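Shown here: data16.pdb, PDB, C-alpha atoms.
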```pdb
MODEL        1
ATOM      1  CA  GLN A 561     -72.466 -58.694 154.053  1.00  0.00           C
ATOM      2  CA  VAL A 562     -69.504 -56.365 153.583  1.00  0.00           C
ATOM      3  CA  GLN A 563     -68.213 -55.962 150.041  1.00  0.00           C
ATOM      4  CA  PHE A 564     -64.718 -55.052 148.864  1.00  0.00           C
ATOM      5  CA  VAL A 565     -63.763 -52.963 145.846  1.00  0.00           C
ATOM      6  CA  GLU A 566     -60.111 -53.079 144.826  1.00  0.00           C
ATOM      7  CA  SER A 567     -58.464 -50.481 142.595  1.00  0.00           C
ATOM      8  CA  GLY A 568     -55.105 -49.088 141.575  1.00  0.00           C
ATOM      9  CA  GLY A 569     -53.723 -51.908 139.476  1.00  0.00           C
ATOM     10  CA  GLY A 570     -52.200 -51.526 136.048  1.00  0.00           C
ATOM     11  CA  LEU A 571     -49.225 -52.207 133.827  1.00  0.00           C
ATOM     12  CA  VAL A 572     -45.862 -51.246 135.263  1.00  0.00           C
ATOM     13  CA  GLN A 573     -42.255 -51.915 134.322  1.00  0.00           C
ATOM     14  CA  PRO A 574     -39.990 -54.019 136.537  1.00  0.00           C
ATOM     15  CA  GLY A 575     -38.694 -51.885 139.372  1.00  0.00           C
ATOM     16  CA  GLY A 576     -41.740 -49.657 139.318  1.00  0.00           C
ATOM     17  CA  SER A 577     -44.352 -48.943 141.972  1.00  0.00           C
ATOM     18  CA  LEU A 578     -48.101 -49.106 142.392  1.00  0.00           C
ATOM     19  CA  ARG A 579     -50.461 -48.319 145.246  1.00  0.00           C
ATOM     20  CA  LEU A 580     -53.538 -50.472 145.568  1.00  0.00           C
ATOM     21  CA  SER A 581     -56.655 -49.449 147.476  1.00  0.00           C
ATOM     22  CA  CYS A 582     -59.463 -51.552 148.860  1.00  0.00           C
ATOM     23  CA  ALA A 583     -62.682 -49.826 149.828  1.00  0.00           C
ATOM     24  CA  ALA A 584     -65.038 -51.772 152.081  1.00  0.00           C
ATOM     25  CA  SER A 585     -68.795 -51.183 152.197  1.00  0.00           C
ATOM     26  CA  GLY A 586     -68.797 -51.677 155.962  1.00  0.00           C
ATOM     27  CA  SER A 587     -66.585 -51.263 158.991  1.00  0.00           C
ATOM     28  CA  ILE A 588     -63.141 -52.813 158.649  1.00  0.00           C
ATOM     29  CA  PHE A 589     -62.538 -52.061 162.317  1.00  0.00           C
ATOM     30  CA  SER A 590     -65.242 -54.588 163.199  1.00  0.00           C
ATOM     31  CA  ILE A 591     -63.723 -57.100 160.773  1.00  0.00           C
ATOM     32  CA  GLY A 592     -60.347 -56.951 162.492  1.00  0.00           C
ATOM     33  CA  TYR A 593     -57.348 -58.305 160.608  1.00  0.00           C
ATOM     34  CA  MET A 594     -57.410 -57.427 156.917  1.00  0.00           C
ATOM     35  CA  GLY A 595     -55.306 -58.984 154.221  1.00  0.00           C
ATOM     36  CA  TRP A 596     -54.172 -58.512 150.667  1.00  0.00           C
ATOM     37  CA  TYR A 597     -54.125 -61.657 148.569  1.00  0.00           C
ATOM     38  CA  ARG A 598     -53.085 -62.377 145.003  1.00  0.00           C
ATOM     39  CA  GLN A 599     -53.690 -65.034 142.405  1.00  0.00           C
ATOM     40  CA  ALA A 600     -51.375 -65.525 139.465  1.00  0.00           C
ATOM     41  CA  PRO A 601     -52.457 -67.472 136.378  1.00  0.00           C
ATOM     42  CA  GLY A 602     -52.488 -71.187 137.076  1.00  0.00           C
ATOM     43  CA  LYS A 603     -51.700 -70.725 140.755  1.00  0.00           C
ATOM     44  CA  GLN A 604     -53.666 -70.745 143.968  1.00  0.00           C
ATOM     45  CA  ARG A 605     -54.618 -67.562 145.728  1.00  0.00           C
ATOM     46  CA  GLU A 606     -52.041 -66.622 148.341  1.00  0.00           C
ATOM     47  CA  LEU A 607     -51.780 -64.199 151.224  1.00  0.00           C
ATOM     48  CA  VAL A 608     -49.453 -61.302 150.465  1.00  0.00           C
ATOM     49  CA  ALA A 609     -49.733 -59.266 153.652  1.00  0.00           C
ATOM     50  CA  ARG A 610     -52.050 -58.677 156.579  1.00  0.00           C
ATOM     51  CA  VAL A 611     -52.617 -55.834 159.031  1.00  0.00           C
ATOM     52  CA  SER A 612     -54.275 -55.806 162.427  1.00  0.00           C
ATOM     53  CA  THR A 613     -56.768 -53.235 163.623  1.00  0.00           C
ATOM     54  CA  GLY A 614     -53.954 -51.459 165.415  1.00  0.00           C
ATOM     55  CA  GLY A 615     -51.552 -51.558 162.488  1.00  0.00           C
ATOM     56  CA  SER A 616     -49.349 -54.573 163.211  1.00  0.00           C
ATOM     57  CA  THR A 617     -48.251 -56.152 159.958  1.00  0.00           C
ATOM     58  CA  TYR A 618     -47.133 -59.439 158.452  1.00  0.00           C
ATOM     59  CA  TYR A 619     -45.643 -60.018 154.996  1.00  0.00           C
ATOM     60  CA  GLY A 620     -45.034 -63.056 152.884  1.00  0.00           C
ATOM     61  CA  ASP A 621     -41.378 -63.785 152.248  1.00  0.00           C
ATOM     62  CA  SER A 622     -41.635 -62.938 148.558  1.00  0.00           C
ATOM     63  CA  VAL A 623     -42.755 -59.341 149.210  1.00  0.00           C
ATOM     64  CA  LYS A 624     -41.027 -58.530 152.485  1.00  0.00           C
ATOM     65  CA  GLY A 625     -39.098 -55.272 152.236  1.00  0.00           C
ATOM     66  CA  ARG A 626     -40.874 -54.233 149.035  1.00  0.00           C
ATOM     67  CA  PHE A 627     -44.566 -54.022 149.931  1.00  0.00           C
ATOM     68  CA  THR A 628     -46.258 -52.052 152.716  1.00  0.00           C
ATOM     69  CA  ILE A 629     -49.801 -52.697 153.922  1.00  0.00           C
ATOM     70  CA  SER A 630     -51.740 -50.058 155.818  1.00  0.00           C
ATOM     71  CA  ARG A 631     -55.298 -49.250 156.755  1.00  0.00           C
ATOM     72  CA  ASP A 632     -57.510 -46.276 157.490  1.00  0.00           C
ATOM     73  CA  ASN A 633     -60.281 -47.495 159.763  1.00  0.00           C
ATOM     74  CA  ALA A 634     -62.160 -44.193 159.512  1.00  0.00           C
ATOM     75  CA  LYS A 635     -62.298 -44.509 155.726  1.00  0.00           C
ATOM     76  CA  ASN A 636     -62.842 -48.284 155.747  1.00  0.00           C
ATOM     77  CA  THR A 637     -59.960 -48.588 153.322  1.00  0.00           C
ATOM     78  CA  VAL A 638     -56.904 -50.820 153.154  1.00  0.00           C
ATOM     79  CA  TYR A 639     -53.839 -49.982 151.069  1.00  0.00           C
ATOM     80  CA  LEU A 640     -50.949 -51.881 149.577  1.00  0.00           C
ATOM     81  CA  GLN A 641     -47.902 -49.888 148.503  1.00  0.00           C
ATOM     82  CA  MET A 642     -45.835 -52.004 146.139  1.00  0.00           C
ATOM     83  CA  ASN A 643     -42.285 -50.971 145.288  1.00  0.00           C
ATOM     84  CA  SER A 644     -39.480 -52.637 143.329  1.00  0.00           C
ATOM     85  CA  LEU A 645     -42.025 -54.678 141.440  1.00  0.00           C
ATOM     86  CA  LYS A 646     -40.933 -57.876 139.732  1.00  0.00           C
ATOM     87  CA  SER A 647     -42.471 -59.901 136.921  1.00  0.00           C
ATOM     88  CA  GLU A 648     -43.422 -62.579 139.442  1.00  0.00           C
ATOM     89  CA  ASP A 649     -45.680 -60.043 141.190  1.00  0.00           C
ATOM     90  CA  THR A 650     -48.012 -60.199 138.184  1.00  0.00           C
ATOM     91  CA  ALA A 651     -51.401 -61.341 139.471  1.00  0.00           C
ATOM     92  CA  VAL A 652     -54.908 -60.267 140.338  1.00  0.00           C
ATOM     93  CA  TYR A 653     -54.846 -58.673 143.796  1.00  0.00           C
ATOM     94  CA  TYR A 654     -57.716 -58.937 146.253  1.00  0.00           C
ATOM     95  CA  CYS A 655     -58.401 -57.761 149.765  1.00  0.00           C
ATOM     96  CA  ASN A 656     -60.464 -59.609 152.338  1.00  0.00           C
ATOM     97  CA  SER A 657     -60.679 -60.361 156.011  1.00  0.00           C
ATOM     98  CA  TYR A 658     -57.792 -62.477 157.274  1.00  0.00           C
ATOM     99  CA  THR A 659     -59.677 -64.186 160.095  1.00  0.00           C
ATOM    100  CA  ARG A 660     -62.969 -64.972 158.342  1.00  0.00           C
ATOM    101  CA  LEU A 661     -63.186 -64.673 154.597  1.00  0.00           C
ATOM    102  CA  ARG A 662     -66.074 -62.791 153.053  1.00  0.00           C
ATOM    103  CA  ASP A 663     -67.175 -62.814 149.430  1.00  0.00           C
ATOM    104  CA  TRP A 664     -64.321 -61.898 147.128  1.00  0.00           C
ATOM    105  CA  GLY A 665     -64.384 -58.664 145.163  1.00  0.00           C
ATOM    106  CA  GLN A 666     -63.459 -58.392 141.504  1.00  0.00           C
ATOM    107  CA  GLY A 667     -59.810 -57.754 142.289  1.00  0.00           C
ATOM    108  CA  THR A 668     -57.404 -55.474 140.477  1.00  0.00           C
ATOM    109  CA  GLN A 669     -54.957 -56.690 137.848  1.00  0.00           C
ATOM    110  CA  VAL A 670     -51.274 -55.944 138.327  1.00  0.00           C
ATOM    111  CA  THR A 671     -49.002 -56.681 135.385  1.00  0.00           C
ATOM    112  CA  VAL A 672     -45.261 -56.196 135.688  1.00  0.00           C
ATOM    113  CA  SER A 673     -43.625 -56.302 132.293  1.00  0.00           C
ATOM    114  CA  SER A 674     -41.189 -54.393 130.151  1.00  0.00           C
TER     115      SER A 674
ENDMDL
END
```
Represent the structure contained in this file as structure tokens.
Amino acid sequence: QVQFVESGGGLVQPGGSLRLSCAASGSIFSIGYMGWYRQAPGKQRELVARVSTGGSTYYGDSVKGRFTISRDNAKNTVYLQMNSLKSEDTAVYYCNSYTRLRDWGQGTQVTVSS
């Protein structure tokens, strides 16, 4: 069973940037579509962005134009570049397969606050 380890979160001021990384213990190429998800306090987990094996992307409306998802199949790593961060982006961020969810990792906390 592949495992995911997310990193790169932290405290950032509104308008700032962060780059999240997700390292998988197995082949993300074989998994196919990968996604970044987030869960804010008191809210359900939601899909933020997804990327296909070949690099085609999809973004949720709330992050479109600000976030960029990418992947390195050779390194089994998925990235999320987050720019122009807003307070409503505060959440725990997770990566996982988009087509068939695996066990969730521990996530990485992103806090946007002045």
* Asked: Restricting the calculation to all atoms listed in the file, which member of A:Gln563, A:Thr617, A:Ser622, A:Asn633 is positioned closest to Phe589 in chain A?
  -> A:Asn633
* Might you pull out every residue within 7 Å of range 576-579 of chain A, with all atoms listed in the file counted and same-chain residues fewer than 4 positions away left off, and present them as a list in words? =>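 Near neighbours after the sequence-gap exclusion: Gly568, Gly569, Val572, Tyr639, Leu640, Gln641, Met642, Asn643, Ser644 and Leu645 of chain A.
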* To do: Might you spell out which residues the PyMOL selection byres ((chain A and resi 654) around 6) would select in the displayed file, as number ranges by chain?
  => A: 596-598, 653, 655, 667
* To do: Determine the residue set returned by the PyMOL selection byres ((chain A and resi 590) around 12) for the present structure, and present it as a VMD selection string.
  => chain A and resid 562 584 586 to 589 591 to 594 612 to 614 633 to 634 636 657 659 to 660
* What does the distance from CA of Tyr619 in chain A to CA of Thr637 in chain A come to in Å, to one decimal? ->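 Atom-to-atom, CA of Tyr619 in chain A to CA of Thr637 in chain A, that is 18.4 Å.
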* Rounded to one decimal place, report the CA of Val670 in chain A-CA of Gly615 in chain A distance in Å. => 24.6 Å
* What does the distance from CA of Ser673 in chain A to CA of Ala609 in chain A come to in Å, to one decimal? -> 22.4 Å
Which centre and which edge lengths, in Å to one decimal, describe the axis-aligned box that holds all listed atoms of range 582-589 of chain A after 6 Å is added on each side, as JSON?
```
{"center_x": -64.1, "center_y": -51.3, "center_z": 155.6, "size_x": 21.3, "size_y": 15.0, "size_z": 25.5}
```
* **Answer as a list in words, residues within 10 Å of (-64.1, -56.9, 139.9) using all atoms listed in the file** =>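 All residues meeting the 10 Å criterion around (-64.1, -56.9, 139.9) are Phe564, Val565, Glu566, Ser567, Val652, Tyr654, Trp664, Gly665, Gln666, Gly667, Thr668 and Gln669 of chain A.
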Write the residues of the selection above to a file with C-alpha atoms, as a PDB file, in the coordinates of the input.
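Wrote result_11.pdb, looks like this:
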```
ATOM      1  CA  PHE A 564     -64.718 -55.052 148.864  1.00  0.00           C
ATOM      2  CA  VAL A 565     -63.763 -52.963 145.846  1.00  0.00           C
ATOM      3  CA  GLU A 566     -60.111 -53.079 144.826  1.00  0.00           C
ATOM      4  CA  SER A 567     -58.464 -50.481 142.595  1.00  0.00           C
ATOM      5  CA  VAL A 652     -54.908 -60.267 140.338  1.00  0.00           C
ATOM      6  CA  TYR A 654     -57.716 -58.937 146.253  1.00  0.00           C
ATOM      7  CA  TRP A 664     -64.321 -61.898 147.128  1.00  0.00           C
ATOM      8  CA  GLY A 665     -64.384 -58.664 145.163  1.00  0.00           C
ATOM      9  CA  GLN A 666     -63.459 -58.392 141.504  1.00  0.00           C
ATOM     10  CA  GLY A 667     -59.810 -57.754 142.289  1.00  0.00           C
ATOM     11  CA  THR A 668     -57.404 -55.474 140.477  1.00  0.00           C
ATOM     12  CA  GLN A 669     -54.957 -56.690 137.848  1.00  0.00           C
TER      13      GLN A 669
END
```
* Nearest to Ser581 in chain A: which of A:Gly620, A:Gly625, A:Gly595, A:Arg605 is it, counting all atoms listed in the file? -> A:Gly595
* Asked: Near Ser647 in chain A, counting only C-alpha atoms, which residues have an atom at most 9 Å away, once you skip same-chain residues fewer than 6 positions from it, shown as a PyMOL selection string?
  -> chain A and resi 573-574+671-674
